[in-house]
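Colleague: Handing you this structure, nothing more for now.
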Amino acid sequence: MVLFVGKRLLLFGFMLLGLLTIMFLITNVAPGDPAKLMAGQNATQDMVETIRREYGLDKSLPEQYAVYIGGVLRGDLGRSIVSTKPVVEELLRYFPATFELVLVAMGLGILIGVPFGMLSAVYRDSWIDHATRIFSVSGVALPAFWFGLLLQLYFAVHLEWLPVSGRLELITPPPEPVSRLYLIDSLLRGEFDTFREAFQHIILPALVLSFPCLASILRVNRAEMLEVLQSDYIVAARANGIPAFRIITVYALKNAMLPTLAIIGLRFGWMLGSTVLVETVFDWPGIGLYAVQSALYSDFKPVLGVTLLIGFCFIFINFLIDLAYGWLDPRLRTQ
Amino acid sequence: MSSLLDIRDYRLDFDTFDGAYKVLDGIDLSLAEGETLGVVGETGCGKSVLAKSIMGLLPSPPARVLSGSIMFEAHDLLNATAADWRAIRGQRIAMIFQDPMTFLNPVLTIGQQVCDVIAAQQGSKPKAARLDRAAIRAHATRILELVRLPDAAELLNRYPHQLSGGMRQRVLIAMALSGSPRLLIADEPTTALDVTIQAQVLALIDDLVQRLKLAVIMISHDLGAVAAVCRRIAVMYAGTVVEDAPTAELLAHPRHPYTRGLLAALPDIDGDQATLVGIAGSIPNLLTPPQGCRFHPRCPLADGRCSNEKPLLRRLSEIHRVACHHA
Amino acid sequence: MASDITSAAPTGWRARHAGTIRQWRLYAHLFRRSFSSMLGLFLVVLFLVLAAAGPALAPYPEDTMGAVHLDNRLKPPSLAHPFGTDEMGNDILSRVIVGTRTSLWIGLIITGVAALIGVPLGIFAGYMGGRIREVIMRITDVFLSVPGLALALAIVASLGPGITNCVIALSLVWWPGYVRLIDSKTLALKEELYIEAARAIGARTPRILFHHILPNCVSPLIVKASMDMGMAILSAASLGFIGLGAKPPSPEWGAMISVARSYMPDWWWYALFPGLAIYLTVLGFNLFGDGLRDILDPKSRGR
């Protein structure tokens with residue numbers, strides 16, 4: 001077990017180093033002059049040279065690489081040109097909003113995806129199965145930004161049930177920060193009106209964000225359940241008189257959850273990536289919106305910072321899932 | 001002898017894209033209380049399908065019953081409801097399987113699986129007779145000891161992958177016997193095991209059968225394995241029973257040409273026979289089975305009658321039945 | 001009936017290829033039986049036709065090249081303009097039709113480049129095994145550790161916006177999936193008896209690769225490519241929506257929605273129809289790929 005965790009930790013460290021290397025290569029090996037790009041189109045040659053020196057872009061690649069890695073390790077991701085603030089500071093400010101959104105969306109994805117995947121497999125080729133299949137394929141195909149606009153149009157503008165965008169109304173003060181997740185903080189502080197408002201604001205973006213994830217969890221869970229339900233040990237369990245409900249919920253689901261867990265980890269990353277779109281549509285003040293607005297100003301330190309953070313979260317989640325795998329699958333644990 | 005299981009004129013097709021496979025073609029078999037019957041035949045002759053039919057484990061579609069009945073005690077198994085099956089599976093009829101490697105759930109401990117089987121049986125008992133958790137675990141330990149597994153209590157905490165093939169098969173046998181069934185169906189119980197383990201498992205089954213007065217249907221392509229446990233043997237070919245007789249009688253006086261072929265194909269330990277004899281040809285395609293006797297294209301005795309008229313399983317004597325025009 | 005079994009060697013093309021013919025008939029039968037597969041096929045064919053004949057089918061072809069009709073701005077759907085008009089007075093239907101070609105090209109290039117990079121690497125890794133495989137697969141893993149859209153965003157940000165850079169960025173993030181797929185397939189095939197047999201009788205490595213391994217990778221490859229066409233189109237449109245892909249006057253679906261967003265909610269048709277086109281195209285390729293997978297590669301559903 002110790003060996004298992006140790007191996008995963010080593011891999012985790014390796015992946016992080018790889019991620020940093022890719023980010024470094026993107027900025028420094030890409031054709032085009034990063035100094036020029038940073039300075040903007042109307043900059044004079046002098047300004048470009050100043051930027052080049054200031055950012056150490058005149059040094060050799062290995063030197064720059066060492067400087068870059070050293071900087072990241074010290075928590076220095078550079079400064080935003082637009083706001084002139086350190087990128088790390090801004091990431092810390094925007095990340096909780098994204099984290100809250102992704103958590104709610106992932107919760108929706110798992111809570112809806114897993115049971116419906118099971119149902120669909122158990123009632124294979126019934127109307128439930130056909131409906132979930134069309135639903136799951138279309139879930140992946142829906143352009144998140146367009147789907148978000150349509151939901152805004154219908155639920156916020158037409159029906160006026162839910163707010164159009166943002167995390168809270170502009171005039172509502174956010175709850176005293178504890179976790180910086182509004183849903184949790186407002187409950188902790190007993191501000192139930194704020195909680196309701198935060199909840200109403202998060203419904204649409206979380207729904208849009210969870211849709212592709214929900215669809216693929218459903219799909220994988222269905223496929224795995226189908227395969228497991230045909231396996232020998234299920235036949236044996238039936239022959240031994242174990243009730244059907246228990247066979248499905250314990251004997252089959254526990255086996256089917258292993259691959260489902262892998263897809264949950266994968267989808268978590270995709271979800272973080274899609275916040276770029278969903279946060280743009282819903283003006284959700286998270287790292288996705290921050291990245292897009294910075295990219296539009298050619299302010300690329302923040303963009304790289306966000307990509308790095310997303311990559312880090314993704315690797316971390318998959319590290320956790322690897323550990324969970326070991327816990328769920330005795331063949332890995334007791335080796 | 002009253003009959004425990006009675007199969008009459010049972011016909012079953014498998015519907016596929018290519019058409020209907022005529023897998024079972026009029027099976028007639030019965031089994032008395034405490035009787036041990038071996039069902040022998042080549043791979044694909046329908047013996048496993050027959051076993052799964054008795055347990056109600058065939059998915060439909062593709063399986064489709066055309067005619068016949070399977071009666072067990074007072075139950076009509078072809079029309080049993082889910083509630084009927086709950087009372088039957090594991091408690092009246094139990095089954096052990098071919099490959100002990102794949103028939104245990106890899107992510108649950110042996111204890112969880114054995115206890116689950118016992119717990120499932122409590123549902124059909126009167127409230128007062130039900131076992132509580134501790135009693136279930138004690139019973140689990142007891143039945144593991146019954147199949148001569150060492151350290152039974154410790155074994156309950158292990159996972160299947162930590163056990164050898166022979167041990168797993170014992171666990172499966174223990175699970176099957178935990179509900180004191182009247183009929184045990186063993187589907188190729190030793191095929192996937194090493195030869196030495198095979199002998200041990202066969203000896204164990206034989207011992208349990210005698211002690212518990214179980215009726216057994218043991219399915220195998222291995223005539224030797226079946227003869228070690230069963231008093232009576234039915235030979236199947238391409239979805240039909242071709243011969244049915246007590247083991248000694250069948251081995252000494254086989255009447256069907258297919259049975260004779262099978263016996264001739266057995267290696268002779270004494271070495272009297274220098275060459276092994278096979279049966280020419282191969283099993284027919286059940287999509288378009290041969291007219292008349294399904295064995296006639298491979299049969300040395302076949303004549304015009306064999307290719308037109310299906311031979312019925314007729315009684316040669318009180319104990320010996322055969323389906324051949326020439327027997 | 002005995003003649004059936006002992007009949008002479010079959011003659012004629014049909015008889016000799018009976019197995020193959022049956023296989024294809026089975027494929028066709030399974031595919032036709034599934035409503036969703038047929039829907040996918042229909043959508044794919046529909047958009048392929050639109051892409052091929054685009055400008056010829058568009059009712060107002062000049063509207064796709066930056067014409068301005070100020071008197072005709074933001075008209076709701078009508079008989080003359082079934083999808084309405086945009087802020088320049090251009091016919092949205094025409095722009096959506098012409099946009100098909102752009103989108104399909106983008107999808108094709110991204111998928112093609114990704115496969116061209118990924119397939120050789122995957123075969124190489126799987127066949128060589130050992131150190132070489134370890135190195136290739138670790139690099140692949142690192143690329144897969146950043147969600148595609150986020151990585152593409154970073155690449156576009158450093159290359160500068162534009163449709164070409166957007167295609168380059170997406171191609172660069174798309175190949176690792178192919179390495180994984182082909183590597184695992186090759187690894188599995190390498191253990192197959194017939195490959196071992198070929199090696200045992202002294203077949204050379206290139207021959208084994210091209211005659212035994214590559215042909216067996218074709219069906220999962222087709223399935224993945226079909227699904228990826230859809231997803232690549234979706235990703236490119238997403239970058240267009242953010243404002244980093246195609247620039248507005250060009251009729252690209254994502255860019256059209258990007259502009260249309262500022263005309264929501266009153267001029268809803270402007271965003272509705274380009275989005276519907278993206279959705280149906282991606283849905284078509286996904287359903288088609290899903291249907292193909294069900295018949296060609298039933299073991300690997302779900303991923």
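Residue numbering restarts at 1 for every chain of the structure tokens, chains are lettered A, B, ... in their displayed order, and ligands are numbered from 1 as they appear.
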Compute the set of chain A residues within 12 Å of chain B, using only C-alpha atoms, and express it as an MDAnalysis selection string.

Modeller: chainID A and resid 124:125 228:247 250:258 325:335

Colleague: Give me the residues near C:Val167 as an mmCIF file with N, CA and C atoms, in the first residue's frame, where near means some atom within 9 Å (using only C-alpha atoms) and where sequence neighbours in that chain fewer than 6 positions away do not count.

Modeller:
data_model
loop_
_atom_site.group_PDB
_atom_site.id
_atom_site.type_symbol
_atom_site.label_atom_id
_atom_site.label_comp_id
_atom_site.auth_asym_id
_atom_site.auth_seq_id
_atom_site.Cartn_x
_atom_site.Cartn_y
_atom_site.Cartn_z
ATOM 1 N N ILE C 106 -11.987 22.701 -40.990
ATOM 2 C CA ILE C 106 -11.279 22.791 -39.707
ATOM 3 C C ILE C 106 -11.251 21.430 -39.030
ATOM 4 N N GLY C 107 -12.426 20.788 -38.970
ATOM 5 C CA GLY C 107 -12.508 19.486 -38.324
ATOM 6 C C GLY C 107 -11.604 18.469 -38.985
ATOM 7 N N ILE C 109 -8.903 18.963 -40.876
ATOM 8 C CA ILE C 109 -7.470 19.243 -40.716
ATOM 9 C C ILE C 109 -7.002 18.847 -39.319
ATOM 10 N N ILE C 110 -7.780 19.276 -38.319
ATOM 11 C CA ILE C 110 -7.363 18.982 -36.939
ATOM 12 C C ILE C 110 -7.281 17.469 -36.729
ATOM 13 N N ALA C 236 -13.199 24.359 -32.217
ATOM 14 C CA ALA C 236 -12.842 25.510 -33.045
ATOM 15 C C ALA C 236 -13.917 26.586 -32.930
ATOM 16 N N GLY C 245 -10.700 32.839 -32.471
ATOM 17 C CA GLY C 245 -10.634 32.051 -33.701
ATOM 18 C C GLY C 245 -10.860 32.946 -34.903
#

Colleague: At a cut-off of 6 Å, which residues of chain A touch chain C? Count only C-alpha atoms and give the answer as a list in words.

Modeller: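 That gives Met15, Gly18, Ser138, Ala141, Leu142, Trp146, Arg219, Val220, Ala223, Gly269, Trp270, Gly273, Ala295, Val303, Leu304, Thr307 and Gly311 of chain A for chain A.
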
Colleague: Counting only C-alpha atoms, which residue out of B:Pro289, B:Gly68, B:Pro311, B:Gly34 sits closest to chain C?

Modeller: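 When distances to chain C are compared using only C-alpha atoms, the smallest one comes from B:Pro289.
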
Colleague: Please run DSSP on the backbone and report, as JSON, numbers by chain, all residues within stretch 30-167 of chain B that come out as strand (DSSP E).

Modeller: {"B": [30, 31, 32, 36, 37, 38, 39, 40, 63, 64, 65, 66, 67, 68, 69, 70, 71, 72, 75, 76, 93, 94, 95, 96]}

Colleague: Write out the residues from the selection above, keeping N, CA, C and O atoms, as an mmCIF file, in the first residue's frame.

Modeller:
data_model
loop_
_atom_site.group_PDB
_atom_site.id
_atom_site.type_symbol
_atom_site.label_atom_id
_atom_site.label_comp_id
_atom_site.auth_asym_id
_atom_site.auth_seq_id
_atom_site.Cartn_x
_atom_site.Cartn_y
_atom_site.Cartn_z
ATOM 1 N N SER B 30 -35.457 -37.325 -16.951
ATOM 2 C CA SER B 30 -35.966 -37.087 -15.611
ATOM 3 C C SER B 30 -34.958 -37.589 -14.595
ATOM 4 O O SER B 30 -34.073 -38.391 -14.915
ATOM 5 N N LEU B 31 -35.124 -37.092 -13.389
ATOM 6 C CA LEU B 31 -34.136 -37.347 -12.363
ATOM 7 C C LEU B 31 -34.881 -37.613 -11.068
ATOM 8 O O LEU B 31 -35.779 -36.860 -10.697
ATOM 9 N N ALA B 32 -34.501 -38.706 -10.396
ATOM 10 C CA ALA B 32 -35.172 -39.027 -9.138
ATOM 11 C C ALA B 32 -34.455 -38.352 -7.985
ATOM 12 O O ALA B 32 -33.301 -37.937 -8.097
ATOM 13 N N THR B 36 -27.794 -39.328 -9.235
ATOM 14 C CA THR B 36 -26.699 -38.567 -9.823
ATOM 15 C C THR B 36 -26.626 -38.857 -11.314
ATOM 16 O O THR B 36 -26.390 -39.986 -11.728
ATOM 17 N N LEU B 37 -26.815 -37.799 -12.098
ATOM 18 C CA LEU B 37 -26.869 -37.969 -13.552
ATOM 19 C C LEU B 37 -25.740 -37.163 -14.201
ATOM 20 O O LEU B 37 -25.556 -35.979 -13.903
ATOM 21 N N GLY B 38 -25.008 -37.806 -15.070
ATOM 22 C CA GLY B 38 -23.996 -37.083 -15.825
ATOM 23 C C GLY B 38 -24.539 -36.784 -17.214
ATOM 24 O O GLY B 38 -25.197 -37.624 -17.814
ATOM 25 N N VAL B 39 -24.285 -35.577 -17.719
ATOM 26 C CA VAL B 39 -24.669 -35.258 -19.092
ATOM 27 C C VAL B 39 -23.380 -35.021 -19.864
ATOM 28 O O VAL B 39 -22.587 -34.148 -19.514
ATOM 29 N N VAL B 40 -23.178 -35.828 -20.907
ATOM 30 C CA VAL B 40 -21.906 -35.818 -21.612
ATOM 31 C C VAL B 40 -22.122 -35.475 -23.079
ATOM 32 O O VAL B 40 -23.123 -35.869 -23.668
ATOM 33 N N ALA B 63 -32.854 -16.427 -26.457
ATOM 34 C CA ALA B 63 -33.416 -17.762 -26.280
ATOM 35 C C ALA B 63 -34.935 -17.729 -26.436
ATOM 36 O O ALA B 63 -35.591 -16.782 -26.021
ATOM 37 N N ARG B 64 -35.482 -18.749 -27.071
ATOM 38 C CA ARG B 64 -36.933 -18.809 -27.245
ATOM 39 C C ARG B 64 -37.372 -20.269 -27.093
ATOM 40 O O ARG B 64 -36.904 -21.150 -27.810
ATOM 41 N N VAL B 65 -38.259 -20.511 -26.133
ATOM 42 C CA VAL B 65 -38.736 -21.867 -25.892
ATOM 43 C C VAL B 65 -39.846 -22.185 -26.891
ATOM 44 O O VAL B 65 -40.792 -21.417 -27.041
ATOM 45 N N LEU B 66 -39.700 -23.312 -27.581
ATOM 46 C CA LEU B 66 -40.708 -23.675 -28.584
ATOM 47 C C LEU B 66 -41.762 -24.602 -28.000
ATOM 48 O O LEU B 66 -42.948 -24.480 -28.314
ATOM 49 N N SER B 67 -41.321 -25.558 -27.195
ATOM 50 C CA SER B 67 -42.294 -26.486 -26.649
ATOM 51 C C SER B 67 -41.717 -27.148 -25.424
ATOM 52 O O SER B 67 -40.541 -26.971 -25.099
ATOM 53 N N GLY B 68 -42.548 -27.912 -24.744
ATOM 54 C CA GLY B 68 -42.073 -28.734 -23.653
ATOM 55 C C GLY B 68 -42.273 -28.110 -22.289
ATOM 56 O O GLY B 68 -42.829 -27.024 -22.161
ATOM 57 N N SER B 69 -41.809 -28.845 -21.270
ATOM 58 C CA SER B 69 -41.963 -28.356 -19.910
ATOM 59 C C SER B 69 -40.778 -28.820 -19.088
ATOM 60 O O SER B 69 -40.126 -29.819 -19.403
ATOM 61 N N ILE B 70 -40.466 -28.059 -18.042
ATOM 62 C CA ILE B 70 -39.468 -28.477 -17.061
ATOM 63 C C ILE B 70 -40.156 -28.385 -15.702
ATOM 64 O O ILE B 70 -40.514 -27.292 -15.263
ATOM 65 N N MET B 71 -40.415 -29.541 -15.096
ATOM 66 C CA MET B 71 -41.076 -29.541 -13.794
ATOM 67 C C MET B 71 -40.046 -29.908 -12.742
ATOM 68 O O MET B 71 -39.292 -30.873 -12.888
ATOM 69 N N PHE B 72 -40.017 -29.109 -11.646
ATOM 70 C CA PHE B 72 -39.134 -29.430 -10.531
ATOM 71 C C PHE B 72 -39.993 -29.426 -9.279
ATOM 72 O O PHE B 72 -40.636 -28.422 -8.973
ATOM 73 N N HIS B 75 -42.947 -27.176 -9.020
ATOM 74 C CA HIS B 75 -42.834 -25.924 -9.771
ATOM 75 C C HIS B 75 -42.720 -26.157 -11.271
ATOM 76 O O HIS B 75 -41.993 -27.045 -11.702
ATOM 77 N N ASP B 76 -43.414 -25.321 -12.023
ATOM 78 C CA ASP B 76 -43.241 -25.320 -13.468
ATOM 79 C C ASP B 76 -42.166 -24.274 -13.772
ATOM 80 O O ASP B 76 -42.432 -23.075 -13.769
ATOM 81 N N ILE B 93 -32.570 -25.620 -5.866
ATOM 82 C CA ILE B 93 -31.597 -25.995 -6.895
ATOM 83 C C ILE B 93 -30.401 -25.051 -6.766
ATOM 84 O O ILE B 93 -30.579 -23.849 -6.618
ATOM 85 N N ALA B 94 -29.219 -25.595 -6.821
ATOM 86 C CA ALA B 94 -28.045 -24.729 -6.790
ATOM 87 C C ALA B 94 -27.119 -25.142 -7.924
ATOM 88 O O ALA B 94 -27.263 -26.223 -8.503
ATOM 89 N N MET B 95 -26.172 -24.269 -8.242
ATOM 90 C CA MET B 95 -25.343 -24.535 -9.411
ATOM 91 C C MET B 95 -23.895 -24.174 -9.126
ATOM 92 O O MET B 95 -23.607 -23.195 -8.446
ATOM 93 N N ILE B 96 -22.990 -24.995 -9.631
ATOM 94 C CA ILE B 96 -21.581 -24.602 -9.624
ATOM 95 C C ILE B 96 -21.074 -24.579 -11.063
ATOM 96 O O ILE B 96 -21.633 -25.234 -11.937
#

Colleague: Counting only C-alpha atoms, a student should be able to say which residues of chain B come within 9 Å of chain C; what is the right answer, written as a PyMOL selection string?

Modeller: chain B and resi 17-18+284+290-291+296-297+307

Colleague: Residues at most 9 Å from stretch 140-145 of chain B, counting only C-alpha atoms, excluding those fewer than 4 positions away in the same chain, as a ChimeraX atom specification?

Modeller: /B:111,114-115,118,135-136,149-156,170-171,173-175,177-178

Colleague: At a cut-off of 12 Å, using only C-alpha atoms, what residues contact C:Tyr27? Leave out same-chain residues fewer than 3 positions from it and give the result as a list in words.

Modeller: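 Skipping anything fewer than 3 positions along the chain leaves Phe17 of chain B; Thr20, Ile21, Arg22, Gln23, Trp24, Leu30, Phe31, Arg32, Arg33, Ser34, Ser37, Gly291, Leu292, Arg293, Asp294, Ile295, Leu296, Asp297 and Pro298 of chain C.
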
Colleague: Excluding A:Asp283 and its own-chain neighbours fewer than 5 positions away, which residues fall within 8 Å of it when counting only C-alpha atoms? Please give them as a count of residues only.

Modeller: 3

Colleague: What is the distance between atom CA of C:Leu189 and atom CA of C:Leu172, in Å to one decimal?

Modeller: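 Value for the atom CA of C:Leu189-atom CA of C:Leu172 distance: 27.6 Å.
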
Colleague: What does the structure give for the distance between atom CA of B:Thr196 and atom CA of B:Ile233, in Å to one decimal?

Modeller: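 Here the two named atoms are 23.5 Å from each other.
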
Colleague: Which residues are near A:Glu160? Cut-off 12 Å, only C-alpha atoms, ignore same chain within fewer than 5 positions. Put them as a PyMOL selection string.

Modeller: chain A and resi 151-155+200

Colleague: Which neighbours of A:Leu207 fall inside 7 Å, counting only C-alpha atoms, when residues of the same chain fewer than 4 positions from it are skipped, and could you give them as number ranges by chain?

Modeller: A: 105, 203, 211

Colleague: Export, as a CSV table (one decimal), in the first residue's frame, the selected residues with C-alpha atoms.

Modeller:
chain,number,residue,atom,x,y,z
A,105,ALA,CA,-21.7,20.8,-11.8
A,203,ILE,CA,-28.1,26.8,-11.3
A,211,PHE,CA,-24.2,18.6,-19.3

Colleague: Ranking A:Val114, A:Ile51, A:Met225, A:Leu17 by minimum distance to A:Gly70 and counting only C-alpha atoms, which one comes first?

Modeller: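 Among A:Val114, A:Ile51, A:Met225, A:Leu17, it is A:Leu17 that comes nearest to A:Gly70.
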